[in-house]
Amino acid sequence: MREVAIIAFGQTPNRRKELYRNDAEMVAPVVAEVLKGVGLSRRDVDFTCSGSSDFLAGYSFSWVMAIDALGAWPPIQESHVEGEAAWALYEAWVKMLCHEEIEVALVYGFGRQSMSSPREVMVLMNDPYLETPLWPDTISQAALQARTLLDAGLCTERGFADIAVRNLRHAESNPLAQLSGRPDPDALLETPTIASPLRKHDCPPITDGACAVLLAAGDRARALCKRPAWIRGLAHRIDVQALGRRDLTRSHSARLAAEAAGAIGNRIDIVELHAPFTPQDWILQRELEIPEGTVINPSGGIHQGNPMMGASLVRFGEVAVRIIRGEADRGVAHGTQGPCLQQNIVGVLEGE
Amino acid sequence: MADAQKPVTTIKTPIAIHYDYSIGAGASTFMRAIREGRILGARCPDTGKVYVPPRLTSVETASPMSELVELPDRGVVYTYCIVNIKFYDQVLEIPYAYAYIVLDGADSAIMHLIQECPVEKMRPGMRVQAVWKDPSEWTESMENIRYFKPTGEADMPIETIMNEIRKKSYA
């Protein structure tokens with residue numbers, strides 16, 4: 001199989017509200033940054049793929065506007081996924097496996113949650129006849145999952161708080177983090193619930209942002225980057241949509257994706273989990289069989305910043321840059337979308 | 001047919017989501033100017049082309065575009081369409097015309113309504129000028145211009161339009 005690697009990653013600072021820039025204006029500097037970092041120009045990019053959502057943007061074909069950020073002349077080869085950008089990475093990767101002439105690919109994602117109420121917007125992903133009319137907002141759905149874990153005796157609310165504390169502590173070394181700190185987990189448990197049993201610290205922040213990675217193949221990657229983060233495996237799977245037909249203590253699709261990507265049963269230095277809610281972090285640790293000693297979410301994960309539709313690609317970027325910088329040899333990146341970890345993508349990245 | 005066998009053909013599930021839309025820096029520059037009755041574009045440093053409304057980066061080359069250009073409120077109809085269909089929420093009497101108008105000095109078209117011109121008189125090359133609302137009504141809106149109307153000046157010949165399009169389009 002052709003070797004493909006992540007050779008560069010960039011992202012905007014995680015901000016609660018990006019009031020003064022539109023999507024294209026958020027994407028442009030990030031794309032310029034990743035290209036400049038490896039000494040390429042936009043004309044060196046053979047294929048471009050992005051991930052975003054019109055529902056978040058509030059208008060149709062919003063991703064077409066974002067193409068303005070690229071300087072797309074002469075016309076470029078481009079594609080888009082309506083969803084989390086890690087799936088755009090998947091498309092670009094597959095395209096590179098199939099087409100030798102694509103040596104460099106640009107993948108980016110962006111989203112501005114602040115313009116609407118994301119917990120309401122995301123309801124529109126549900127069954128439009130039976131579920132959406134009841135408006136089961138995102139946090140309530142995640143709370144159902146959390147309650148299921150507590151009732152099954154698998155988790156405790158203190159355990160959830162510990163996950164939040166771990167993420168926020170790691171975020172202290174992330175200069176782009178929106179949230180960080182060293183809260184006392186016992187004090188966190190004194191705070192009120194938003195949707196019982198979930199409290200504020202169990203939920204992701206609302207973030208506006210954009211991110212981009214560059215992929216390169218084989219010796220081109222080696223020429224552009226001292227230590228490329230090679231994609232050793234990448235796979236995605238999906239569970240059924242109706243929550244009532246799923247065992248919410250599990251994420252079968254996450255496990256299957258991890259198995260297919262080769263993420264299970266090997267040493268992992270770092271893992272970035274796209275777990276918007278703390279109970280999902282626990283579920284993913286179990287499904288991915290993350291070994292003892294692995295550093296989980298060195299960036300602070302989703303709890304330091306959640307630029308929705310870009311957030312999954314940030315997980316891949318955060319693992320990749322640590323391999324590129326030589327801080328880790330082998331890492332796993334995970335992305336999710338859909339209610340309660342419905343759809344999952346897992347990648348294994350490795351340095352030479 | 002008994003009620004139990006009646007097919008359920010529709011259900012009503014009202015959806016309303018509120019957005020506070022951030023238009024961004026380029027469009028903000030345009031809106032601040034249109035509030036004062038001015039139309040702004042931005043010039044690409046690589047190609048010299050003027051885009052209306054301004055964008056932060058060139059559509060063609062991705063270079064930052066910092067030079068703003070004030071444009072006149074008159075130009076040429078490059079192409080147009082005539083709306084003959086009644087649709088929900090329509091406020092105008094059909095038929096009416098919408099046109100791609102290239103303002104003098106610009107390299108990209110804006111879209112606006114054409115009035116004071118029977119639709120059968122619409123043609124490419126027609127010179128038009130903006131009809132503004134009273135300045136007391138100006139806000140951050142393209143609707144400060146109520147519509148464009150013919151100026152009565154000589155048309156731009158179709159050959160010139162075709163040449164201009166070739167020149168203005170990316171090369």
# chains A, B, ... in the order shown; residues from 1 in each chain; ligands from 1

$ interface_residues --of "chain A" --to "chain B" --cutoff "10 Å" --atoms "only C-alpha atoms" --output "PyMOL selection string"
chain A and resi 17-26+28-29+32+42-43+55-59+67-75+112-118+120-121+124+128-130+132-135

$ select_by_dssp --residues "range 225-276 of chain A" --states "strand (DSSP E or B)" --output "MDAnalysis selection string"
chainID A and resid 229:238 270:272

$ residues_around --residues "Leu179 in chain A" --least-positions-apart "4" --cutoff "10 Å" --atoms "only C-alpha atoms" --output "ChimeraX atom specification"
/A:14-16,167-169,171-172,174,204-205,300,302-305

$ write_last_selection --atoms "N, CA and C atoms" --output "CSV table (one decimal), in the first residue's frame"
chain,number,residue,atom,x,y,z
A,14,ASN,N,-8.6,28.4,19.8
A,14,ASN,CA,-10.0,28.0,20.2
A,14,ASN,C,-10.6,29.2,20.9
A,15,ARG,N,-11.7,29.8,20.3
A,15,ARG,CA,-12.3,31.0,20.8
A,15,ARG,C,-13.8,30.7,21.0
A,16,ARG,N,-14.4,31.3,22.0
A,16,ARG,CA,-15.8,31.2,22.2
A,16,ARG,C,-16.6,31.8,21.1
A,167,ASN,N,-8.2,16.4,31.3
A,167,ASN,CA,-8.2,17.2,30.0
A,167,ASN,C,-7.7,18.7,30.3
A,168,LEU,N,-8.3,19.3,31.3
A,168,LEU,CA,-8.0,20.7,31.6
A,168,LEU,C,-6.6,20.9,32.0
A,169,ARG,N,-6.0,19.9,32.8
A,169,ARG,CA,-4.6,20.0,33.2
A,169,ARG,C,-3.7,19.9,32.0
A,171,ALA,N,-4.5,20.8,29.1
A,171,ALA,CA,-4.7,22.0,28.3
A,171,ALA,C,-3.8,23.1,28.7
A,172,GLU,N,-3.3,23.0,29.9
A,172,GLU,CA,-2.4,24.1,30.5
A,172,GLU,C,-1.2,24.3,29.6
A,174,ASN,N,-1.3,23.8,26.3
A,174,ASN,CA,-1.7,24.1,25.0
A,174,ASN,C,-2.0,25.6,24.8
A,204,PRO,N,-18.6,19.8,26.3
A,204,PRO,CA,-17.5,20.5,25.6
A,204,PRO,C,-17.9,22.0,25.6
A,205,PRO,N,-16.9,22.8,25.4
A,205,PRO,CA,-17.2,24.3,25.3
A,205,PRO,C,-17.7,24.5,23.9
A,300,GLY,N,-5.4,18.3,25.7
A,300,GLY,CA,-6.5,18.7,26.4
A,300,GLY,C,-7.8,18.2,25.8
A,302,ILE,N,-11.2,17.6,23.7
A,302,ILE,CA,-12.3,18.4,23.3
A,302,ILE,C,-12.7,19.4,24.4
A,303,HIS,N,-12.3,19.1,25.6
A,303,HIS,CA,-12.7,20.0,26.7
A,303,HIS,C,-11.9,21.3,26.8
A,304,GLN,N,-10.8,21.4,26.0
A,304,GLN,CA,-10.1,22.7,26.0
A,304,GLN,C,-10.6,23.5,24.8
A,305,GLY,N,-11.3,22.9,23.8
A,305,GLY,CA,-11.7,23.7,22.7
A,305,GLY,C,-12.4,22.7,21.7

$ residues_around --residues "Ile158 in chain B" --least-positions-apart "4" --cutoff "12 Å" --atoms "only C-alpha atoms" --output "MDAnalysis selection string"
chainID B and resid 76:79 123:126 154 162:165

$ residues_around --residues "Asn144 in chain B" --least-positions-apart "5" --cutoff "6 Å" --atoms "only C-alpha atoms" --output "NGL selection string"
:B and (132-133 or 138)

$ residues_around --residues "range 282-299 of chain A" --least-positions-apart "2" --cutoff "8 Å" --atoms "only C-alpha atoms" --output "PyMOL selection string"
chain A and resi 160+167+170-171+173-174+249-252+254-255+258+263-265+267-273+275+278-280+301+304+318

$ atom_distance --atom1 "CA of Leu89 in chain A" --atom2 "CA of Gln145 in chain A"
28.2 Å

$ closest_residue --among "B:Arg127, B:Leu68, B:Ala99, B:Ile39" --to "Asp155 in chain B" --atoms "only C-alpha atoms"
B:Arg127

$ residues_around --residues "range 337-347 of chain A" --least-positions-apart "4" --cutoff "6 Å" --atoms "only C-alpha atoms" --output "list of chain:residue names"
A:Ala142, A:Gly233, A:Leu234, A:Ala235, A:His236, A:Arg237, A:Ile238, A:Asp239, A:Ala254, A:Ala257, A:Ala258, A:Ala261, A:Val332, A:Ala333
